[in-house]
Each structure stands twice: as structure tokens, then as C-alpha cells.
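Asks: Here it is: the structure, laid out below.
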Amino acid sequence: MIINNVGYNHCHDADFYIDRPNGSGDYLLLLLKTDSIFTLNGKDVKVNKNTFFIYKKDTPQYYRCMPQQTFSNDWVHFLFENNEEEEFLSRGIPYNTPIKMKNLYFLSFCIKSLAYETYSNNLYRDDNINKYMFLIFNKVCEELNNPSNIIPSTYYEMLSTIRNKIYSRPYEMRTIESTAHEVRMSTSNFQQQYKKHFGVSFIQDLINSRMEYAKKLLLNTNLSINEISKQCGYKHYAHFTRQFKKINHVTPMKYRQINQ
């Protein structure tokens with residue numbers, strides 16, 4: 001993790017305004033301690049205090065204080081290294097989406113400690129920085145166990161509906177093109193937004209939903225493997241068995257034998 005800059009408990013006057021159409025060149029983590037206005041997908045949105053927000057690299061950044069009010073926040077400009085972004089995404093924290101926190105006190109304490117480490121010569125400085133950052137991510141992830149804590153982005157509700165559909169009806173025939181058309185998005189934007197919000201590609205999520213359904217049928221029915229493959233939306237039995245083994249490390253028949 002590379003920390004470019006970090007600020008703790010910064011306060012700004014009523015004319016405070018961030019206008020970065022090309023982003024800041026790095027990722028930006030914000031802890032909002034006062035109400036504010038963000039421009040998200042071309043619309044001004046009021047974001048309440050006690051909110052966590054993280055801008056993805058190269059995303060436009062537009063936010064400001066409420067009219068005739070001051071603005072207070074903690075912030076971290078940073079870059080991921082190696083596979084750190086994959087580890088971050090595995091926690092399911094969405095980019096560019098306000099996340100309401102019950103209390104920012106502990107997260108703010110972490111930012112304060114992070115600032116101290118960043119500008120220190122401590123022996124384990126870099127290791128401590130990584131641990132503080134992922135401690136913050138872990139606490140936000142815990143908060144996300146309650147979906148009502150997320151203030152939905154423009155796409156969140158539509159994409160959540162699609163995700164619910166593929167997990168409740170995994171046998172339905174779907175393509176990226178047809179599903180993107182269903183929510184009236186381009187295929188490229190659909191794939192980008194889906195990965196951003198759920199940390200997994202649409203195709204991989206569709207495969208995962210079918211594998212979960214297949215395991216349920218294997219353990220709770222007497223259907224043949226060939227019939228199960230059809231019930232899971234596969235036209236070709238061999239394709240189904242290959243994907244099942246790749247994900248579960250055993251064939252469908254072996255899975256049924258060892259779990260019954």
C-alpha cells in the first residue's frame with residue numbers, strides 16, 4: 001500500500017469545493033464528519049455525516065459542503081500494490097458509493113494513527129500502514145452486513161435486482177448482452193458497474209449461482225447429472241461438469257457421493 005497523503009480531522013470553510021474531472025491520480029478514501037453534497041453519475045446527492053466513501057482511481061471527484069455550512073473530514077490518498085486491490089474487492093466494499101457508518105470514531109482513530117505512521121520513521125512503518133488500512137476495510141465490511149447501510153448509487157438497485165434474479169433463477173438463459181439490455185445499459189458499462197458494486201464479474205457470478213443450484217439438486221434430488229446440468233441452464237453436459245470440477249475440485253458425481 002502506498003500512501004500519497006493523509007489528513008485527519010480537517011475542517012474547511014463554507015466555500016470548500018472539490019472539482020477533479022479526471023480524479024486525483026490515485027484512490028481517495030473519505031470519512032465524512034459533516035453533511036455534504038456529492039455529484040454522482042451527473043446528479044447532486046446529499047451525503048450525511050458519518051459516511052465512508054472511496055473513490056476509485058481515475059474517477060471524477062466532485063463534492064462540496066452544504067450551503068452556508070463548514071466541511072469536516074478525514075482522507076487518505078493511496079495506491080494499491082500487488083494483489084491488494086483483489087483483497088479489498090473480496091470484502092464487497094463498493095467504489096464511488098456512500099456507506100453510512102453507525103460511528104466514525106474508531107475509523108477516525110485509525111486515520112489518525114495512519115497519519116502518524118505515514119510521516120514517521122518507525123521500523124515497521126509500511127507493515128503498520130497496511131494493517132491500519134485493512135483494519136478500516138474490515139470494519140466497513142462488517143457494517144455492510146446490514147444492506148440498509150448502503151446509500152444506493154444510481155445503478156445499485158437495478159444491479160441488485162439482476163443479481164437476485166440470477167441467484168433465485170440460475171437456470172434462466174442469460175448473456176451479458178441480453179442482461180445489459182434488460183437494465184438499459186451498454187454491455188461495457190454493465191460489466192464495469194457490476195464488477196464495481198459486487199467485486200465479481202457478471203459471468204463469474206452467474207456461474208457461481210448455477211454451481212450453488214447444482215449442489216442443491218445433487219444433494220436433494222435423484223435427478224441424473226445430465227438432467228441437473230440442463231436444469232442449471234447448461235446446453236452441454238461436458239461444459240457443466242468441467243465448470244463444476246473447476247470450482248468445487250470434484251466431479252458432480254463425486255460431490256454427491258461424499259456428501260450423502
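Order determines the names: the first chain of the C-alpha cells is A, the second B, and so forth; residues in each chain are numbered 1 upward, and ligands are numbered 1 upward as they are shown.
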Can you list every residue in segment 143-210 of chain A that DSSP puts in helix (DSSP H, G or I), as a JSON list (two decimals) with N, CA and C atoms, in the first residue's frame?
Replies:
[["chain", "number", "residue", "atom", "x", "y", "z"],
["A", 143, "GLU", "N", -19.84, -3.49, 8.73],
["A", 143, "GLU", "CA", -21.01, -2.62, 8.69],
["A", 143, "GLU", "C", -21.93, -2.98, 7.53],
["A", 147, "PRO", "N", -27.49, -4.46, 4.75],
["A", 147, "PRO", "CA", -27.56, -3.79, 3.45],
["A", 147, "PRO", "C", -28.18, -2.41, 3.49],
["A", 148, "SER", "N", -29.00, -2.13, 4.49],
["A", 148, "SER", "CA", -29.64, -0.81, 4.56],
["A", 148, "SER", "C", -28.64, 0.29, 4.83],
["A", 149, "ASN", "N", -27.41, -0.09, 5.22],
["A", 149, "ASN", "CA", -26.40, 0.92, 5.48],
["A", 149, "ASN", "C", -25.83, 1.54, 4.21],
["A", 156, "TYR", "N", -27.16, 0.82, -8.30],
["A", 156, "TYR", "CA", -27.15, -0.25, -7.30],
["A", 156, "TYR", "C", -28.46, -1.04, -7.27],
["A", 157, "GLU", "N", -29.59, -0.35, -7.26],
["A", 157, "GLU", "CA", -30.88, -1.04, -7.16],
["A", 157, "GLU", "C", -31.13, -1.92, -8.38],
["A", 158, "MET", "N", -30.82, -1.41, -9.58],
["A", 158, "MET", "CA", -31.03, -2.20, -10.79],
["A", 158, "MET", "C", -30.15, -3.44, -10.81],
["A", 159, "LEU", "N", -28.88, -3.26, -10.46],
["A", 159, "LEU", "CA", -27.95, -4.39, -10.48],
["A", 159, "LEU", "C", -28.27, -5.40, -9.39],
["A", 160, "SER", "N", -28.74, -4.92, -8.24],
["A", 160, "SER", "CA", -29.14, -5.84, -7.17],
["A", 160, "SER", "C", -30.32, -6.69, -7.61],
["A", 161, "THR", "N", -31.24, -6.10, -8.37],
["A", 161, "THR", "CA", -32.39, -6.86, -8.89],
["A", 161, "THR", "C", -31.91, -7.97, -9.82],
["A", 162, "ILE", "N", -30.96, -7.64, -10.69],
["A", 162, "ILE", "CA", -30.40, -8.65, -11.59],
["A", 162, "ILE", "C", -29.72, -9.75, -10.79],
["A", 163, "ARG", "N", -28.95, -9.36, -9.80],
["A", 163, "ARG", "CA", -28.23, -10.37, -9.00],
["A", 163, "ARG", "C", -29.20, -11.28, -8.27],
["A", 164, "ASN", "N", -30.27, -10.72, -7.74],
["A", 164, "ASN", "CA", -31.29, -11.54, -7.08],
["A", 164, "ASN", "C", -31.92, -12.52, -8.06],
["A", 165, "LYS", "N", -32.11, -12.07, -9.29],
["A", 165, "LYS", "CA", -32.71, -12.94, -10.30],
["A", 165, "LYS", "C", -31.82, -14.13, -10.63],
["A", 166, "ILE", "N", -30.51, -13.87, -10.79],
["A", 166, "ILE", "CA", -29.65, -14.99, -11.20],
["A", 166, "ILE", "C", -29.44, -15.98, -10.06],
["A", 167, "TYR", "N", -29.58, -15.54, -8.82],
["A", 167, "TYR", "CA", -29.44, -16.49, -7.72],
["A", 167, "TYR", "C", -30.76, -17.19, -7.40],
["A", 168, "SER", "N", -31.89, -16.57, -7.72],
["A", 168, "SER", "CA", -33.18, -17.23, -7.49],
["A", 168, "SER", "C", -33.61, -18.07, -8.68],
["A", 176, "ILE", "N", -24.41, -11.58, -21.41],
["A", 176, "ILE", "CA", -24.10, -10.22, -20.99],
["A", 176, "ILE", "C", -24.95, -9.22, -21.78],
["A", 177, "GLU", "N", -25.08, -9.47, -23.08],
["A", 177, "GLU", "CA", -25.81, -8.54, -23.95],
["A", 177, "GLU", "C", -27.29, -8.45, -23.55],
["A", 178, "SER", "N", -27.93, -9.61, -23.34],
["A", 178, "SER", "CA", -29.36, -9.60, -23.02],
["A", 178, "SER", "C", -29.62, -8.99, -21.65],
["A", 179, "THR", "N", -28.73, -9.26, -20.69],
["A", 179, "THR", "CA", -28.92, -8.73, -19.34],
["A", 179, "THR", "C", -28.64, -7.24, -19.29],
["A", 180, "ALA", "N", -27.63, -6.79, -20.03],
["A", 180, "ALA", "CA", -27.36, -5.35, -20.11],
["A", 180, "ALA", "C", -28.55, -4.63, -20.74],
["A", 181, "HIS", "N", -29.13, -5.24, -21.77],
["A", 181, "HIS", "CA", -30.31, -4.65, -22.42],
["A", 181, "HIS", "C", -31.48, -4.57, -21.44],
["A", 182, "GLU", "N", -31.58, -5.56, -20.57],
["A", 182, "GLU", "CA", -32.68, -5.60, -19.59],
["A", 182, "GLU", "C", -32.66, -4.39, -18.67],
["A", 187, "THR", "N", -23.14, -2.88, -22.86],
["A", 187, "THR", "CA", -22.50, -4.08, -22.30],
["A", 187, "THR", "C", -21.24, -3.74, -21.51],
["A", 188, "SER", "N", -20.46, -2.78, -22.01],
["A", 188, "SER", "CA", -19.21, -2.43, -21.30],
["A", 188, "SER", "C", -19.51, -1.76, -19.97],
["A", 189, "ASN", "N", -20.48, -0.84, -19.93],
["A", 189, "ASN", "CA", -20.82, -0.17, -18.68],
["A", 189, "ASN", "C", -21.45, -1.14, -17.70],
["A", 190, "PHE", "N", -22.30, -2.04, -18.20],
["A", 190, "PHE", "CA", -22.92, -3.04, -17.35],
["A", 190, "PHE", "C", -21.86, -3.90, -16.66],
["A", 191, "GLN", "N", -20.90, -4.39, -17.43],
["A", 191, "GLN", "CA", -19.86, -5.24, -16.85],
["A", 191, "GLN", "C", -19.01, -4.47, -15.84],
["A", 192, "GLN", "N", -18.70, -3.23, -16.17],
["A", 192, "GLN", "CA", -17.89, -2.41, -15.28],
["A", 192, "GLN", "C", -18.62, -2.13, -13.97],
["A", 193, "GLN", "N", -19.88, -1.72, -14.07],
["A", 193, "GLN", "CA", -20.64, -1.38, -12.86],
["A", 193, "GLN", "C", -20.92, -2.62, -12.01],
["A", 194, "TYR", "N", -21.17, -3.73, -12.65],
["A", 194, "TYR", "CA", -21.44, -4.97, -11.90],
["A", 194, "TYR", "C", -20.22, -5.37, -11.08],
["A", 195, "LYS", "N", -19.04, -5.35, -11.71],
["A", 195, "LYS", "CA", -17.81, -5.70, -11.01],
["A", 195, "LYS", "C", -17.51, -4.70, -9.89],
["A", 196, "LYS", "N", -17.78, -3.43, -10.17],
["A", 196, "LYS", "CA", -17.51, -2.39, -9.17],
["A", 196, "LYS", "C", -18.38, -2.56, -7.93],
["A", 197, "HIS", "N", -19.66, -2.90, -8.12],
["A", 197, "HIS", "CA", -20.58, -2.98, -7.00],
["A", 197, "HIS", "C", -20.48, -4.29, -6.22],
["A", 198, "PHE", "N", -20.16, -5.39, -6.90],
["A", 198, "PHE", "CA", -20.20, -6.68, -6.23],
["A", 198, "PHE", "C", -18.85, -7.38, -6.15],
["A", 202, "PHE", "N", -19.98, -10.33, -13.90],
["A", 202, "PHE", "CA", -21.33, -10.87, -14.08],
["A", 202, "PHE", "C", -21.27, -12.35, -14.46],
["A", 203, "ILE", "N", -20.39, -12.71, -15.41],
["A", 203, "ILE", "CA", -20.31, -14.09, -15.87],
["A", 203, "ILE", "C", -19.90, -15.02, -14.73],
["A", 204, "GLN", "N", -18.90, -14.61, -13.94],
["A", 204, "GLN", "CA", -18.48, -15.46, -12.83],
["A", 204, "GLN", "C", -19.58, -15.59, -11.79],
["A", 205, "ASP", "N", -20.32, -14.52, -11.55],
["A", 205, "ASP", "CA", -21.41, -14.58, -10.58],
["A", 205, "ASP", "C", -22.52, -15.50, -11.09],
["A", 206, "LEU", "N", -22.79, -15.46, -12.39],
["A", 206, "LEU", "CA", -23.78, -16.34, -12.98],
["A", 206, "LEU", "C", -23.35, -17.81, -12.84],
["A", 207, "ILE", "N", -22.08, -18.07, -13.10],
["A", 207, "ILE", "CA", -21.56, -19.44, -12.92],
["A", 207, "ILE", "C", -21.67, -19.87, -11.46],
["A", 208, "ASN", "N", -21.30, -18.97, -10.55],
["A", 208, "ASN", "CA", -21.39, -19.30, -9.12],
["A", 208, "ASN", "C", -22.82, -19.64, -8.71],
["A", 209, "SER", "N", -23.79, -18.88, -9.23],
["A", 209, "SER", "CA", -25.19, -19.13, -8.88],
["A", 209, "SER", "C", -25.63, -20.50, -9.39],
["A", 210, "ARG", "N", -25.18, -20.88, -10.58],
["A", 210, "ARG", "CA", -25.55, -22.18, -11.15],
["A", 210, "ARG", "C", -24.88, -23.32, -10.39]]
Asks: With only C-alpha atoms as the counted atoms, please give the residues lying no more than 12 Å from Asn138 of chain A, apart from itself and same-chain residues fewer than 6 positions off, as a list in words.
Replies: Glu87, Phe88, Leu89, Ser90, Arg91, Gly92, Ile93, Phe106, Leu107, Cys110, Lys131, Tyr132, Leu144 and Asn145 of chain A
Asks: Any chance you could export the current selection's C-alpha atoms as a PDB file, in the first residue's frame?
Replies:
ATOM      1  CA  GLU A  87      -8.097  -8.494  -1.435  1.00  0.00           C
ATOM      2  CA  PHE A  88     -10.001  -5.229  -0.953  1.00  0.00           C
ATOM      3  CA  LEU A  89     -12.670  -6.198  -3.508  1.00  0.00           C
ATOM      4  CA  SER A  90     -13.148  -9.570  -1.815  1.00  0.00           C
ATOM      5  CA  ARG A  91     -14.683  -7.672   1.109  1.00  0.00           C
ATOM      6  CA  GLY A  92     -17.512  -6.444  -1.117  1.00  0.00           C
ATOM      7  CA  ILE A  93     -16.941  -2.733  -0.465  1.00  0.00           C
ATOM      8  CA  PHE A 106     -12.863   4.098  15.546  1.00  0.00           C
ATOM      9  CA  LEU A 107     -12.244   4.627  11.822  1.00  0.00           C
ATOM     10  CA  CYS A 110      -7.280   4.574  12.557  1.00  0.00           C
ATOM     11  CA  LYS A 131      -2.652  -3.188   8.731  1.00  0.00           C
ATOM     12  CA  TYR A 132      -4.410   0.083   9.549  1.00  0.00           C
ATOM     13  CA  LEU A 144     -22.100  -3.799   5.254  1.00  0.00           C
ATOM     14  CA  ASN A 145     -23.668  -6.915   6.797  1.00  0.00           C
TER      15      ASN A 145
END
Asks: Please identify the strand (DSSP E or B) residues within segment 38-248 of chain A (assignment by DSSP from backbone atoms) and present them as a ChimeraX atom specification.
Replies: /A:38-40,43-47,51-55,61-65,71-79,99-100,150
Asks: Select, from A:Phe38, A:Tyr17, A:Tyr119, A:Phe240, the residue with the minimum atom-to-atom distance to Thr51 of chain A, counting only C-alpha atoms.
Replies: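 Of all the options, A:Phe38 lies closest to Thr51 of chain A.
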